[in-house]
Every structure is written in structure tokens, then in C-alpha cells.
$ cat my_file_17.txt   # compact mmCIF, C-alpha atoms and all ligand atoms
# COMPACT_ATOMS: atom_id res chain seq x y z
CA MET A 1 8.87 3.30 -5.52
CA LEU A 2 6.30 5.52 -7.16
CA ASN A 3 3.36 6.17 -4.84
CA ILE A 4 0.89 8.46 -6.56
CA VAL A 5 -2.24 9.94 -5.04
CA ILE A 6 -4.80 10.82 -7.73
CA PHE A 7 -7.04 13.44 -6.19
CA GLY A 8 -10.05 15.48 -7.28
CA ALA A 9 -13.77 16.03 -6.87
CA PRO A 10 -16.25 13.30 -7.88
CA GLY A 11 -16.15 12.94 -11.66
CA SER A 12 -12.81 14.72 -12.04
CA GLY A 13 -11.37 11.68 -13.85
CA LYS A 14 -9.48 9.92 -11.05
CA GLY A 15 -10.57 6.44 -12.13
CA THR A 16 -10.06 7.19 -15.82
CA GLN A 17 -6.55 8.58 -15.41
CA SER A 18 -5.51 5.95 -12.83
CA GLN A 19 -6.15 3.21 -15.35
CA ARG A 20 -3.91 4.96 -17.88
CA MET A 21 -1.10 5.36 -15.31
CA VAL A 22 -1.38 1.70 -14.28
CA ASP A 23 -0.94 0.68 -17.92
CA LYS A 24 1.99 3.05 -18.47
CA TYR A 25 4.02 2.52 -15.28
CA GLY A 26 2.97 -1.02 -14.24
CA LEU A 27 1.89 0.12 -10.78
CA ASN A 28 -0.62 -1.48 -8.44
CA HIS A 29 -3.93 0.36 -8.20
CA ILE A 30 -6.25 0.90 -5.25
CA SER A 31 -9.61 2.49 -6.05
CA THR A 32 -11.49 2.63 -2.77
CA GLY A 33 -14.71 3.31 -4.72
CA ASP A 34 -14.19 0.10 -6.76
CA VAL A 35 -13.40 -1.90 -3.61
CA LEU A 36 -16.64 -0.72 -2.00
CA ARG A 37 -18.74 -1.36 -5.13
CA ALA A 38 -17.33 -4.92 -5.33
CA GLU A 39 -18.34 -5.51 -1.69
CA ILE A 40 -21.85 -4.24 -2.50
CA ARG A 41 -22.10 -6.54 -5.54
CA ASN A 42 -20.98 -9.51 -3.44
CA GLY A 43 -23.59 -8.72 -0.79
CA THR A 44 -21.07 -8.69 2.09
CA GLU A 45 -21.71 -7.06 5.47
CA LEU A 46 -19.18 -4.37 4.58
CA GLY A 47 -21.00 -3.85 1.27
CA GLN A 48 -24.32 -3.35 3.04
CA THR A 49 -22.78 -0.78 5.39
CA ALA A 50 -21.03 1.00 2.49
CA LYS A 51 -24.19 1.15 0.38
CA GLY A 52 -25.99 3.15 3.06
CA TYR A 53 -23.32 5.86 2.93
CA ILE A 54 -22.71 5.84 -0.84
CA ASP A 55 -26.41 6.12 -1.71
CA GLN A 56 -26.57 9.19 0.54
CA GLY A 57 -23.49 10.75 -1.08
CA GLN A 58 -21.59 10.47 2.22
CA LEU A 59 -18.12 9.17 2.95
CA ILE A 60 -17.62 5.79 4.60
CA PRO A 61 -16.26 6.26 8.17
CA ASP A 62 -12.49 6.75 8.36
CA GLU A 63 -11.71 3.76 10.62
CA LEU A 64 -13.41 1.40 8.20
CA MET A 65 -11.74 2.90 5.11
CA ILE A 66 -8.29 2.91 6.73
CA ASP A 67 -8.60 -0.81 7.66
CA ILE A 68 -9.69 -1.63 4.09
CA LEU A 69 -6.77 0.29 2.63
CA ALA A 70 -4.25 -1.39 4.94
CA SER A 71 -5.43 -4.85 3.95
CA VAL A 72 -5.32 -4.08 0.20
CA LEU A 73 -1.83 -2.60 0.61
CA ASP A 74 -0.64 -5.69 2.49
CA GLY A 75 -1.71 -7.80 -0.49
CA PHE A 76 0.77 -6.07 -2.84
CA ARG A 77 4.08 -7.92 -3.04
CA ASP A 78 7.19 -6.82 -5.02
CA SER A 79 5.30 -3.71 -6.00
CA LYS A 80 6.87 -0.95 -8.12
CA GLY A 81 4.50 1.46 -6.40
CA VAL A 82 0.83 2.19 -5.98
CA ILE A 83 -1.78 4.53 -7.43
CA PHE A 84 -4.11 5.65 -4.67
CA ASP A 85 -7.37 6.55 -6.42
CA GLY A 86 -10.01 8.10 -4.17
CA PHE A 87 -7.93 7.73 -1.00
CA PRO A 88 -7.26 9.80 1.07
CA ARG A 89 -10.53 11.75 1.20
CA THR A 90 -10.11 13.23 4.70
CA ILE A 91 -7.22 14.58 6.75
CA ALA A 92 -7.46 11.53 9.05
CA GLN A 93 -7.06 9.23 6.01
CA ALA A 94 -4.07 11.27 4.77
CA GLU A 95 -2.36 10.97 8.15
CA ALA A 96 -3.08 7.23 8.26
CA LEU A 97 -1.65 6.77 4.75
CA LYS A 98 1.51 8.68 5.68
CA LYS A 99 1.97 6.43 8.73
CA MET A 100 1.26 3.20 6.80
CA LEU A 101 3.78 4.09 4.10
CA ALA A 102 6.40 5.22 6.64
CA GLU A 103 6.10 1.84 8.40
CA ARG A 104 7.05 0.29 5.04
CA GLY A 105 9.94 2.74 4.54
CA GLN A 106 8.01 4.62 1.85
CA GLU A 107 6.19 7.88 1.23
CA VAL A 108 3.79 9.52 -1.23
CA SER A 109 5.80 10.65 -4.28
CA VAL A 110 3.23 13.16 -5.54
CA MET A 111 -0.41 14.15 -5.16
CA ILE A 112 -2.02 14.98 -8.52
CA ASP A 113 -5.02 17.30 -8.12
CA LEU A 114 -7.36 17.05 -11.14
CA ASP A 115 -9.11 20.41 -11.13
CA VAL A 116 -12.42 20.48 -13.05
CA PRO A 117 -15.20 23.13 -12.90
CA GLU A 118 -18.36 22.12 -11.11
CA GLU A 119 -20.74 22.32 -14.12
CA GLU A 120 -18.48 19.91 -16.00
CA LEU A 121 -18.36 17.48 -13.03
CA MET A 122 -22.13 17.52 -12.86
CA SER A 123 -22.61 16.86 -16.57
CA ARG A 124 -19.98 14.05 -16.65
CA LEU A 125 -21.55 12.25 -13.71
CA ILE A 126 -25.12 12.61 -14.95
CA ARG A 127 -23.96 11.19 -18.29
CA ARG A 128 -22.19 8.30 -16.53
CA GLY A 129 -25.35 7.66 -14.45
CA ILE A 130 -27.38 7.27 -17.63
CA ASP A 131 -24.79 4.96 -19.25
CA SER A 132 -23.85 2.82 -16.24
CA GLY A 133 -26.86 3.08 -13.97
CA ARG A 134 -24.58 3.84 -10.99
CA ALA A 135 -27.00 4.61 -8.16
CA ASP A 136 -25.00 7.55 -6.77
CA ASP A 137 -24.76 9.30 -10.17
CA ASN A 138 -28.07 11.18 -9.97
CA GLU A 139 -28.37 14.94 -9.60
CA GLU A 140 -29.45 15.01 -5.94
CA THR A 141 -26.70 12.63 -4.75
CA ILE A 142 -24.05 14.30 -6.91
CA ARG A 143 -24.86 17.64 -5.22
CA LYS A 144 -24.38 16.01 -1.80
CA ARG A 145 -21.10 14.40 -2.93
CA LEU A 146 -19.81 17.77 -4.13
CA ALA A 147 -20.74 19.39 -0.80
CA VAL A 148 -18.92 16.59 1.06
CA TYR A 149 -15.93 17.09 -1.24
CA HIS A 150 -15.75 20.81 -0.37
CA SER A 151 -16.15 20.34 3.38
CA GLN A 152 -14.14 17.15 4.04
CA THR A 153 -11.85 16.44 1.07
CA ALA A 154 -10.74 19.80 -0.38
CA PRO A 155 -8.83 20.68 2.87
CA LEU A 156 -6.33 18.00 1.76
CA ILE A 157 -5.05 20.42 -0.88
CA GLY A 158 -3.48 22.54 1.87
CA TRP A 159 -2.33 19.42 3.71
CA PHE A 160 -0.42 18.08 0.68
CA LYS A 161 0.98 21.54 -0.10
CA ASP A 162 2.45 21.59 3.43
CA GLU A 163 3.99 18.18 2.69
CA ASN A 164 5.48 19.56 -0.58
CA LYS A 165 3.71 16.85 -2.58
CA TYR A 166 1.02 18.91 -4.32
CA HIS A 167 0.79 19.10 -8.12
CA HIS A 168 -2.11 20.91 -9.77
CA ILE A 169 -3.41 19.65 -13.15
CA GLU A 170 -6.03 21.42 -15.21
CA GLY A 171 -8.58 18.60 -15.62
CA MET A 172 -10.49 20.03 -18.61
CA GLY A 173 -9.60 18.69 -22.05
CA SER A 174 -9.42 15.31 -23.69
CA MET A 175 -8.43 12.27 -21.64
CA GLU A 176 -5.22 12.04 -23.73
CA GLU A 177 -4.27 15.68 -23.05
CA ILE A 178 -4.74 15.22 -19.33
CA SER A 179 -2.76 11.94 -19.30
CA ALA A 180 0.10 13.70 -21.11
CA LYS A 181 0.23 16.39 -18.39
CA ILE A 182 0.22 13.76 -15.63
CA VAL A 183 3.00 11.76 -17.32
CA GLU A 184 5.08 14.94 -17.66
CA ALA A 185 4.67 15.63 -13.91
CA ILE A 186 5.55 12.05 -12.94
CA ASP A 187 8.54 11.82 -15.27
CA ARG A 188 9.94 14.98 -13.68
CA LEU A 189 9.98 13.39 -10.19
P1 LIG B 1 -15.30 6.91 -6.41
O1 LIG B 1 -15.53 5.60 -7.02
O2 LIG B 1 -13.91 7.26 -5.99
O3 LIG B 1 -15.90 7.86 -7.50
P2 LIG B 1 -15.86 9.31 -8.08
O4 LIG B 1 -15.10 10.24 -7.20
O5 LIG B 1 -17.30 9.59 -8.30
O6 LIG B 1 -15.25 9.20 -9.53
P3 LIG B 1 -13.91 9.51 -10.36
O7 LIG B 1 -13.30 10.84 -10.09
O8 LIG B 1 -13.03 8.30 -10.21
O9 LIG B 1 -14.50 9.63 -11.81
P4 LIG B 1 -14.15 8.96 -13.19
O10 LIG B 1 -12.72 8.93 -13.53
O11 LIG B 1 -14.83 7.64 -13.17
O12 LIG B 1 -16.23 7.08 -5.09
C1 LIG B 1 -17.59 6.71 -4.98
C2 LIG B 1 -18.09 6.78 -3.52
O13 LIG B 1 -17.41 5.80 -2.69
C3 LIG B 1 -17.86 8.10 -2.77
O14 LIG B 1 -18.86 9.05 -3.03
C4 LIG B 1 -17.84 7.61 -1.28
O15 LIG B 1 -19.15 7.44 -0.78
C5 LIG B 1 -17.18 6.27 -1.35
N1 LIG B 1 -15.73 6.34 -1.09
C6 LIG B 1 -14.74 6.06 -2.01
N2 LIG B 1 -13.52 6.25 -1.45
C7 LIG B 1 -13.73 6.67 -0.17
C8 LIG B 1 -12.85 7.05 0.91
N3 LIG B 1 -11.52 7.05 0.75
N4 LIG B 1 -13.40 7.43 2.09
C9 LIG B 1 -14.73 7.41 2.26
N5 LIG B 1 -15.62 7.08 1.30
C10 LIG B 1 -15.13 6.70 0.07
O16 LIG B 1 -14.86 9.93 -14.20
C11 LIG B 1 -16.23 10.25 -14.16
C12 LIG B 1 -16.83 10.30 -15.55
O17 LIG B 1 -16.20 11.32 -16.32
C13 LIG B 1 -16.64 9.00 -16.33
O18 LIG B 1 -17.83 8.71 -17.00
C14 LIG B 1 -15.54 9.32 -17.34
O19 LIG B 1 -15.68 8.62 -18.55
C15 LIG B 1 -15.73 10.82 -17.57
N6 LIG B 1 -14.48 11.51 -17.87
C16 LIG B 1 -13.28 11.31 -17.26
N7 LIG B 1 -12.33 12.12 -17.79
C17 LIG B 1 -12.99 12.89 -18.73
C18 LIG B 1 -12.55 13.94 -19.63
N8 LIG B 1 -11.29 14.37 -19.68
N9 LIG B 1 -13.49 14.51 -20.44
C19 LIG B 1 -14.77 14.08 -20.42
N10 LIG B 1 -15.23 13.10 -19.61
C20 LIG B 1 -14.35 12.50 -18.79

$ encode --input "my_file_17.txt" --output "C-alpha cells"
Amino acid sequence: MLNIVIFGAPGSGKGTQSQRMVDKYGLNHISTGDVLRAEIRNGTELGQTAKGYIDQGQLIPDELMIDILASVLDGFRDSKGVIFDGFPRTIAQAEALKKMLAERGQEVSVMIDLDVPEEELMSRLIRRGIDSGRADDNEETIRKRLAVYHSQTAPLIGWFKDENKYHHIEGMGSMEEISAKIVEAIDRL
């Protein structure tokens, strides 16, 4: 089983690289951001709750996110492994993931940290906002998301280092160059 956590600040390329890893290794993929955006599109109660947080650049509360993740994970049968894209984003989520996987006799194989300078994150997300019209990709909300990343999500770097699962990847360069570095790290596991 290959359970890969793709980690990084907003705009670091988690979604982009996850898709490439899914294609290469035939893994299941959970993007918590995509799950939430689908709920918003479908006008569900969960979507309405999520929209309030996402539009403010805030994280959705842990209990809610952990329940969502558990139900998506339960839907995967005969899986070769999972790419966790955008989860965990807090220490509480990391601990919940560890417990959920342990209950299934599994563990995280590696956490890939896509490290990208802040000016580049900002310009990628502003560009995406113009192309896709994503409501949270505007300068004010991006700044809030980056602040939330530093206060609530970046502490996971130390947490995964303590678990001996941390792998740093320089996230600047072409998408192909970054994929090649990720593949090298995974193939060495
Ligand atoms: P996400 O959907 O996870 O979005 P993200 O962090 O903004 O994007 P990502 O890093 O995946 O960027 P991408 O590859 O697309 O989260 C959105 C919101 O949902 C959060 O703010 C939060 O409110 C909520 N949420 C999600 N998960 C949660 C959780 N676990 N707990 C609580 N709340 C949660 O890349 C960005 C852009 O860069 C793209 O346009 C791409 O084309 C471009 N790009 C990628 N790689 C590039 C490269 N190498 N060079 C140039 N451009 C590149």
C-alpha cells in the first residue's frame, strides 16, 4: 500500500502533482478541496457551511473534515493506496489520519512537502483566479489562506519529521521537473 500525503501551502501544486501521481501509480485520490467545492456546487448543507469558511480563507472545522475523510476512505475498495491531497492541514487531522489508517492496518508511506516561495504562490493563485474564477483566489483571501497555512498547517512539517515520513521537494520549476523529483522519492520507498 502506497499512502502518500501531498503537502504544501495554497498554490504549491498539490492538486497538479496529485493528478500526475494518480495517473502513474493507479492510486485513489482524495482532494478535500475538490470534495468541498463539489458540495458547494451541489448546494448541499455541507457545501453551504464550507463556503462560509472557504470564502474567508479559513479552514473547515476539524471534526467535519475528519468525518468527510473517513467516509471517502471507506468508499475505496481493493485500493493500491491513496493520495491525500490537502489533508491533513492541522495536527488534529494528522492524528486522526494516523488512527484511521492504523485501524485498517496501514500507515502513511511518505509526506511530500512542496516548498514554493510566497511571491510565486501569490502569482500562481492570482493567475488561476483570473482563469477559473475560483472565489477564494483573490489577493485578499490568498493572504488570509497563507496566514492560516503558517499558523495551523506548517507545524505539520515538524510532526511528520518526528514520524520519519517527511520528504522535502523544491516546488519551483516546471510541472514535469517536479513530478520527476516526486517519482524518484516514491520509487526509493
Ligand atoms: P485546496 O483545494 O486544497 O487548494 P489549494 O491549497 O489552494 O491548491 P493546490 O496546492 O492544490 O494548488 P494547485 O495544484 O491547484 O483548498 C481550498 C480550500 O478548501 C482551503 O483554503 C480550505 O478552506 C478548504 N480545505 C481544503 N482541505 C481542507 C482541510 N483538510 N481542512 C480544512 N479546510 C480545508 O496549483 C495552483 C495553481 O498553480 C494552478 O493554477 C496550477 O496550474 C499552478 N501550478 C501548479 N504547479 C505549477 C508549477 N510547477 N509552475 C507554475 N504553475 C504551477

$ residues_around --input "my_file_17.txt" --residues "A:Ala92" --least-positions-apart "2" --cutoff "12 Å" --atoms "all atoms listed in the file" --output "ChimeraX atom specification"
/A:61-66,87-90,94-99,152-153,155-156,159

$ residues_near_point --input "my_file_17.txt" --point "(-9.5, 10.8, -13.1)" --cutoff "12 Å" --atoms "all atoms listed in the file" --output "PyMOL selection string"
chain A and resi 5-21+31+83-86+112-116+121+124+169-176+178-179+182

$ closest_residue --input "my_file_17.txt" --among "A:Leu146, A:Ile60, A:Val110, A:Leu189" --to "ligand LIG 1 (chain B)" --atoms "all atoms listed in the file"
A:Ile60

$ atom_distance --input "my_file_17.txt" --atom1 "atom N1 of ligand LIG 1 (chain B)" --atom2 "atom CA of A:Glu184"
28.0 Å

$ residues_near_point --input "my_file_17.txt" --point "(7.6, -1.3, -7.9)" --cutoff "9 Å" --atoms "only C-alpha atoms" --output "PyMOL selection string"
chain A and resi 1-2+26-28+77-82

$ closest_residue --input "my_file_17.txt" --among "A:Ile157, A:Met100, A:Glu39, A:Gly52" --to "A:Asp74" --atoms "all atoms listed in the file"
A:Met100

$ closest_residue --input "my_file_17.txt" --among "A:Ala147, A:Gly75, A:His29, A:Glu163" --to "A:Val108" --atoms "only C-alpha atoms"
A:Glu163

$ atom_distance --input "my_file_17.txt" --atom1 "atom CA of A:Thr49" --atom2 "atom C9 of ligand LIG 1 (chain B)"
11.9 Å

$ residues_around --input "my_file_17.txt" --residues "A:Asp136" --least-positions-apart "5" --cutoff "9 Å" --atoms "all atoms listed in the file" --output "list in words"
Ile54, Asp55, Gln56, Gly57, Gly129, Thr141, Ile142 and Arg145 of chain A

$ axis_aligned_box --input "my_file_17.txt" --around "ligand LIG 1 (chain B)" --padding-each-side "8 Å" --output "JSON"
{"center_x": -15.2, "center_y": 10.1, "center_z": -9.1, "size_x": 23.9, "size_y": 24.9, "size_z": 38.7}

$ atom_distance --input "my_file_17.txt" --atom1 "atom CA of A:Lys165" --atom2 "atom CA of A:Glu107"
10.1 Å

$ closest_residue --input "my_file_17.txt" --among "A:Arg104, A:His167, A:Arg188, A:Arg37" --to "ligand LIG 1 (chain B)" --atoms "all atoms listed in the file"
A:Arg37

$ closest_residue --input "my_file_17.txt" --among "A:Asp131, A:Glu119, A:Gly105, A:Asn42" --to "ligand LIG 1 (chain B)" --atoms "all atoms listed in the file"
A:Asp131

$ build_atoms --input "my_file_17.txt" --residues "stretch 84-95 of chain A" --atoms "all heavy atoms" --output "compact mmCIF listing (two decimals), in the coordinates of the input"
# COMPACT_ATOMS: atom_id res chain seq x y z
N PHE A 84 -3.03 5.53 -5.64
CA PHE A 84 -4.11 5.65 -4.67
C PHE A 84 -5.20 6.53 -5.30
O PHE A 84 -5.00 7.72 -5.47
CB PHE A 84 -3.60 6.27 -3.37
CG PHE A 84 -2.58 5.41 -2.66
CD1 PHE A 84 -1.23 5.57 -2.92
CD2 PHE A 84 -2.99 4.42 -1.77
CE1 PHE A 84 -0.29 4.75 -2.29
CE2 PHE A 84 -2.06 3.60 -1.15
CZ PHE A 84 -0.71 3.77 -1.41
N ASP A 85 -6.31 5.89 -5.66
CA ASP A 85 -7.37 6.55 -6.42
C ASP A 85 -8.61 6.68 -5.51
O ASP A 85 -9.26 5.69 -5.23
CB ASP A 85 -7.60 5.66 -7.66
CG ASP A 85 -8.92 5.88 -8.38
OD1 ASP A 85 -9.62 6.85 -8.07
OD2 ASP A 85 -9.22 5.06 -9.27
N GLY A 86 -8.85 7.90 -5.05
CA GLY A 86 -10.01 8.10 -4.17
C GLY A 86 -9.67 7.93 -2.70
O GLY A 86 -10.56 7.91 -1.85
N PHE A 87 -8.41 7.80 -2.38
CA PHE A 87 -7.93 7.73 -1.00
C PHE A 87 -6.61 8.48 -0.95
O PHE A 87 -5.77 8.22 -1.81
CB PHE A 87 -7.71 6.26 -0.58
CG PHE A 87 -7.42 6.10 0.90
CD1 PHE A 87 -8.40 5.66 1.77
CD2 PHE A 87 -6.16 6.40 1.40
CE1 PHE A 87 -8.13 5.52 3.13
CE2 PHE A 87 -5.89 6.28 2.76
CZ PHE A 87 -6.88 5.82 3.62
N PRO A 88 -6.40 9.39 -0.02
CA PRO A 88 -7.26 9.80 1.07
C PRO A 88 -8.35 10.78 0.65
O PRO A 88 -8.20 11.50 -0.32
CB PRO A 88 -6.28 10.48 2.03
CG PRO A 88 -5.21 11.04 1.14
CD PRO A 88 -5.08 10.08 0.01
N ARG A 89 -9.44 10.80 1.43
CA ARG A 89 -10.53 11.75 1.20
C ARG A 89 -10.76 12.62 2.42
O ARG A 89 -11.65 13.49 2.38
CB ARG A 89 -11.81 10.99 0.88
CG ARG A 89 -12.11 10.88 -0.63
CD ARG A 89 -13.37 10.03 -0.79
NE ARG A 89 -14.08 10.25 -2.01
CZ ARG A 89 -13.90 9.51 -3.12
NH1 ARG A 89 -13.00 8.56 -3.16
NH2 ARG A 89 -14.64 9.74 -4.18
N THR A 90 -10.02 12.39 3.49
CA THR A 90 -10.11 13.23 4.70
C THR A 90 -8.69 13.38 5.24
O THR A 90 -7.80 12.60 4.90
CB THR A 90 -10.96 12.56 5.81
OG1 THR A 90 -10.32 11.33 6.18
CG2 THR A 90 -12.39 12.26 5.36
N ILE A 91 -8.54 14.37 6.13
CA ILE A 91 -7.22 14.58 6.75
C ILE A 91 -6.82 13.33 7.55
O ILE A 91 -5.66 12.89 7.49
CB ILE A 91 -7.25 15.82 7.68
CG1 ILE A 91 -7.65 17.08 6.91
CG2 ILE A 91 -5.93 15.98 8.44
CD1 ILE A 91 -6.58 17.85 6.21
N ALA A 92 -7.78 12.73 8.26
CA ALA A 92 -7.46 11.53 9.05
C ALA A 92 -6.94 10.42 8.13
O ALA A 92 -5.98 9.71 8.48
CB ALA A 92 -8.69 11.05 9.81
N GLN A 93 -7.53 10.26 6.96
CA GLN A 93 -7.06 9.23 6.01
C GLN A 93 -5.66 9.58 5.50
O GLN A 93 -4.82 8.69 5.32
CB GLN A 93 -8.02 9.09 4.83
CG GLN A 93 -9.38 8.50 5.22
CD GLN A 93 -10.32 8.33 4.03
OE1 GLN A 93 -9.92 8.41 2.87
NE2 GLN A 93 -11.59 8.09 4.31
N ALA A 94 -5.40 10.87 5.27
CA ALA A 94 -4.07 11.27 4.77
C ALA A 94 -3.01 10.96 5.82
O ALA A 94 -1.92 10.46 5.50
CB ALA A 94 -4.06 12.76 4.43
N GLU A 95 -3.34 11.23 7.09
CA GLU A 95 -2.36 10.97 8.15
C GLU A 95 -2.13 9.47 8.30
O GLU A 95 -1.00 9.02 8.50
CB GLU A 95 -2.81 11.63 9.45
CG GLU A 95 -2.49 13.12 9.36
CD GLU A 95 -3.10 14.00 10.43
OE1 GLU A 95 -3.93 13.49 11.21
OE2 GLU A 95 -2.74 15.19 10.45
